[in-house]
Amino acid sequence: MHDPCRLRRPIRVMSLLVSVVLMATTACGLLDKSGGGDALTVVSYGGPYQKAQAEAFFDAYERAHPGQTIFQDSPSENAKLRVMVENGNPTWDVVLLANDFGNEAQAEWLEPIDYSIVDRAALLPGYAGKYRVGADVEGTVMTVRTDRPAPSTMAEFFDTARFPGKRALNKFSAGGVLEAALLADGVTPEALYPLDVPRALRKLDSIRDSIVWWDTAAQSQQLMASGEATMGLVWVGRATAAAETAPVRINWDVWISQDAYWMVPKGSPNKEQAMKLIAFMTSYGPQKQFSLESGYGPVNAQAAADPEVRANPDVPSNHLATRVTMNDQWWSENLDTVQREFQSWLLQ
Amino acid sequence: MAAAVATAIPRTSIGRRGTLLLLGVPVVFLVVFFAAPMVYMGRRSLENGGLAGYVEILSSPVHLQVLGNSFKTALLTTLSTVLLGYPLAYAIARVNGALRILLLGLVLMPFWSSLLARTFSWLALLQDTGLINTVLNNMGLIDQPLPLVRTELGVTIAMVHIMLPYFVLPLFATMVKIDRTLLRAAESLGANAFQRFYRVFLPLSMPGVGAGASLVFILSLGFYITPAVLGDPNQAMIGEVIATELQTIGFSRAGALGIVLLVATLVLLAVLGAARAAYQRSNR
């Protein structure tokens, strides 16, 4: 080890290896972008949902714009988007994320939507955000077994004496569970925000032993379909999927918004093409086709009013009158502290 | 270090350059894909007010409880895996031919299906309306479902099933290498079957137990979806909390939690290593 020549050679070998690795990673980075302005990378939730989007949106866009290529990726994640933007090299152009992202508080990671390209007037109220455009109308819905006594209000959902059985709830503070508890406790939808978190947790405490928490959407569907839970607050797509195989139905008398939005990562090299794709995906034809395909509600007002879409009783956009809208702005400012309160309540 | 390795291998076989190349490729791989992300995570964990994030974690009853839960569940899983896995590895090492291949195949089978699928299969068996409770109920043996799911029992059953191959394979590899003539020598010196196992075979198999158990313990610590689906919500493990932090809030506290978990694990392994070294010295 004391002979200097002995040290030099390993250094030379190492530097050669390092440069090979660096060259390889740079080459990969270049290949990713080889499509230039004619290729867009779109990221969504994956599964049957993204498959329906591919048919109604991505494939249709490619057909309507010869020469345009759309690459798909999944699943989308807030964390990945943030890292890409912070490292200055977003490889995603159009990203679908849930309503807890894309608010003013996340401006540093997103491009503002260009409403000279996207038609704001065609959208249902509330779906044209500064940094995001609604992808479809979704919700967390009260799902009940039809082979058991079923509640019809949130208060009854929390009444374990009259309606015994397990309740499937989303184990995420911003997943609608606190709103549901406050509604059950007599708070009106207009007076929900700012959320009285301690009051909501006290209400949840009263049914604690009857709660079965779900972490993944597949789990919620399984709980409802197997009858392990006799009622639940689950995403609409999973409720309708459970209803295909089991005596399960949705109670549309009260439900909570839980939407998905398109956004464009800050610094996307294909910003203008990305806006054009969003404009296409929120237009009448693709919106109608997607709703018929997937059962989710169109955000395009004309598509939402289409008789074919109106004919399906479980499409969320047909029940806007009974919807309780989440205050995404409030959530994006308070998620951090509320999530911690919720977590410590769970551990008690 | 490199020189020491180079002298240990005869020069004529691959030479110094070859040795360095062999060493260099994995080192570069580890630097690029392990050390660099780790440094990145450490830096991001200091973003919100430097060490304040760490102070907050270590003084928060919630995070300490979650960390405690993780170590407790990992320990319980490791102990159960050892108790179940040792006889299994022993049996596989004792048999030969087709039966050995069949048994190894059965142990390896869980490796070929997804973790999520296995977790949900356990749910289908263990839940209140699952196979076990339904059968027992129909036979009239129980009138209330047994608490097999959303309990510590449920998560331990599933985690032991998932972890068994990680324990059995290293132990099996150790056991087949044990020199059988030592057992015959012990027999010729008058040792009965129990003494031959307890005084000769068991000590010789301990390195395999140590390797397998460490692997199981470390992997169990980071478990996320299995405890979330099958476990008691007030027994949440740190993996779940890190995932929620990362997905909803950001890197800072998630990174700090990860570093705390890493350091706590390293400290525990160092203590175990020191204890083992002391034990070996005292036995010499």
# chains A, B, ... in the order shown; residues from 1 in each chain; ligands from 1
call {"tool": "interface_residues", "arguments": {"of": "chain B", "to": "chain A", "cutoff": "6 Å", "atoms": "only C-alpha atoms", "output": "ChimeraX atom specification"}}
result
/B:62,129,234,247
call {"tool": "write_last_selection", "arguments": {"atoms": "N, CA and C atoms", "output": "mmCIF file, in the first residue's frame"}}
result
data_model
loop_
_atom_site.group_PDB
_atom_site.id
_atom_site.type_symbol
_atom_site.label_atom_id
_atom_site.label_comp_id
_atom_site.auth_asym_id
_atom_site.auth_seq_id
_atom_site.Cartn_x
_atom_site.Cartn_y
_atom_site.Cartn_z
ATOM 1 N N VAL B 62 -45.677 9.131 18.820
ATOM 2 C CA VAL B 62 -46.233 8.374 17.694
ATOM 3 C C VAL B 62 -45.125 7.642 16.943
ATOM 4 N N THR B 129 -65.077 -13.574 7.520
ATOM 5 C CA THR B 129 -65.907 -14.356 6.603
ATOM 6 C C THR B 129 -65.028 -15.261 5.742
ATOM 7 N N ASN B 234 -53.508 -0.242 15.154
ATOM 8 C CA ASN B 234 -52.668 0.450 16.134
ATOM 9 C C ASN B 234 -51.324 -0.242 16.333
ATOM 10 N N GLN B 247 -45.693 9.883 0.095
ATOM 11 C CA GLN B 247 -46.693 10.074 -0.944
ATOM 12 C C GLN B 247 -47.497 11.339 -0.720
#
call {"tool": "atom_distance", "arguments": {"atom1": "atom CA of A:Ala135", "atom2": "atom CA of A:Pro286"}}
result
11.0 Å
call {"tool": "closest_residue", "arguments": {"among": "A:Pro298, A:Tyr127, A:Leu81, A:Asp73", "to": "A:Lys51", "atoms": "only C-alpha atoms"}}
result
A:Asp73
call {"tool": "closest_atom_pairs", "arguments": {"of": "stretch 34-133 of chain B", "to": "stretch 210-219 of chain B", "cutoff": "9 Å", "atoms": "only C-alpha atoms", "output": "CSV"}}
result
residue,atom,partner,partner_atom,distance
B:Phe71,CA,B:Phe217,CA,8.6
B:Ala74,CA,B:Phe217,CA,5.4
B:Leu75,CA,B:Phe217,CA,6.5
B:Thr77,CA,B:Phe217,CA,7.5
B:Thr78,CA,B:Phe217,CA,5.6
B:Leu79,CA,B:Ala213,CA,8.1
B:Thr81,CA,B:Ala213,CA,8.0
B:Val82,CA,B:Ala213,CA,6.9
call {"tool": "atom_distance", "arguments": {"atom1": "atom CA of B:Ser80", "atom2": "atom CA of B:Thr134"}}
result
26.2 Å
call {"tool": "closest_residue", "arguments": {"among": "A:Gly67, A:Gly165, A:Pro151, A:Gly232", "to": "A:Val177", "atoms": "only C-alpha atoms"}}
result
A:Gly232
call {"tool": "select_by_dssp", "arguments": {"residues": "stretch 27-123 of chain B", "states": "alpha helix (DSSP H)", "output": "count of residues only"}}
result
77
call {"tool": "residues_around", "arguments": {"residues": "A:Ala60", "least_positions_apart": "2", "cutoff": "12 Å", "atoms": "only C-alpha atoms", "output": "ChimeraX atom specification"}}
result
/A:52-58,62-66,68-70,277,280-281,283,285-287,289-290
call {"tool": "residues_around", "arguments": {"residues": "stretch 238-254 of chain A", "least_positions_apart": "6", "cutoff": "6 Å", "atoms": "only C-alpha atoms", "output": "PyMOL selection string"}}
result
chain A and resi 142-146+221+225+322
call {"tool": "write_last_selection", "arguments": {"atoms": "N, CA, C and O atoms", "output": "PDB file, in the first residue's frame"}}
result
ATOM      1  N   MET A 142     -70.928   5.897  -0.408  1.00  0.00           N
ATOM      2  CA  MET A 142     -71.408   4.972   0.602  1.00  0.00           C
ATOM      3  C   MET A 142     -71.892   3.714  -0.098  1.00  0.00           C
ATOM      4  O   MET A 142     -72.826   3.744  -0.894  1.00  0.00           O
ATOM      5  N   THR A 143     -71.196   2.610   0.179  1.00  0.00           N
ATOM      6  CA  THR A 143     -71.483   1.354  -0.490  1.00  0.00           C
ATOM      7  C   THR A 143     -72.070   0.406   0.548  1.00  0.00           C
ATOM      8  O   THR A 143     -71.519   0.279   1.637  1.00  0.00           O
ATOM      9  N   VAL A 144     -73.190  -0.207   0.220  1.00  0.00           N
ATOM     10  CA  VAL A 144     -73.860  -1.051   1.214  1.00  0.00           C
ATOM     11  C   VAL A 144     -74.161  -2.424   0.639  1.00  0.00           C
ATOM     12  O   VAL A 144     -74.354  -2.585  -0.568  1.00  0.00           O
ATOM     13  N   ARG A 145     -74.194  -3.414   1.516  1.00  0.00           N
ATOM     14  CA  ARG A 145     -74.631  -4.761   1.138  1.00  0.00           C
ATOM     15  C   ARG A 145     -76.156  -4.763   1.106  1.00  0.00           C
ATOM     16  O   ARG A 145     -76.808  -4.258   2.014  1.00  0.00           O
ATOM     17  N   THR A 146     -76.719  -5.365   0.064  1.00  0.00           N
ATOM     18  CA  THR A 146     -78.179  -5.374  -0.016  1.00  0.00           C
ATOM     19  C   THR A 146     -78.777  -6.553   0.751  1.00  0.00           C
ATOM     20  O   THR A 146     -79.985  -6.639   0.917  1.00  0.00           O
ATOM     21  N   GLN A 221     -62.550  -3.237  -2.403  1.00  0.00           N
ATOM     22  CA  GLN A 221     -63.452  -4.032  -3.249  1.00  0.00           C
ATOM     23  C   GLN A 221     -63.630  -5.436  -2.655  1.00  0.00           C
ATOM     24  O   GLN A 221     -64.742  -5.954  -2.581  1.00  0.00           O
ATOM     25  N   ALA A 225     -67.099  -7.115  -1.501  1.00  0.00           N
ATOM     26  CA  ALA A 225     -67.579  -8.262  -2.279  1.00  0.00           C
ATOM     27  C   ALA A 225     -67.676  -9.516  -1.415  1.00  0.00           C
ATOM     28  O   ALA A 225     -68.577 -10.328  -1.600  1.00  0.00           O
ATOM     29  N   THR A 322     -76.164  15.834  -4.702  1.00  0.00           N
ATOM     30  CA  THR A 322     -75.939  15.278  -3.362  1.00  0.00           C
ATOM     31  C   THR A 322     -74.462  15.165  -3.026  1.00  0.00           C
ATOM     32  O   THR A 322     -74.087  14.568  -2.020  1.00  0.00           O
TER      33      THR A 322
END
call {"tool": "select_by_dssp", "arguments": {"residues": "stretch 108-277 of chain A", "states": "strand (DSSP E)", "output": "VMD selection string"}}
result
chain A and resid 133 to 136 139 to 145 167 to 170 211 to 214 231 to 235 248 to 257 260 to 263
call {"tool": "closest_residue", "arguments": {"among": "A:Thr325, A:Leu169, A:Tyr261, A:Ala279", "to": "A:Asn103", "atoms": "only C-alpha atoms"}}
result
A:Tyr261
call {"tool": "residues_around", "arguments": {"residues": "A:Pro194", "least_positions_apart": "4", "cutoff": "10 Å", "atoms": "only C-alpha atoms", "output": "number ranges by chain"}}
result
A: 327, 330-331, 334
call {"tool": "write_last_selection", "arguments": {"atoms": "N, CA and C atoms", "output": "short mmCIF file (atom, residue, chain, number, x, y, z; two decimals), in the first residue's frame"}}
result
data_model
loop_
_atom_site.label_atom_id
_atom_site.label_comp_id
_atom_site.auth_asym_id
_atom_site.auth_seq_id
_atom_site.Cartn_x
_atom_site.Cartn_y
_atom_site.Cartn_z
N ASN A 327 -62.67 20.38 0.22
CA ASN A 327 -61.96 21.65 0.03
C ASN A 327 -60.48 21.33 -0.14
N TRP A 330 -57.95 23.79 1.41
CA TRP A 330 -57.77 23.63 2.85
C TRP A 330 -56.88 22.42 3.14
N TRP A 331 -57.13 21.33 2.40
CA TRP A 331 -56.36 20.10 2.63
C TRP A 331 -54.90 20.29 2.30
N ASN A 334 -53.31 21.92 5.18
CA ASN A 334 -53.37 21.31 6.52
C ASN A 334 -53.06 19.82 6.56
#
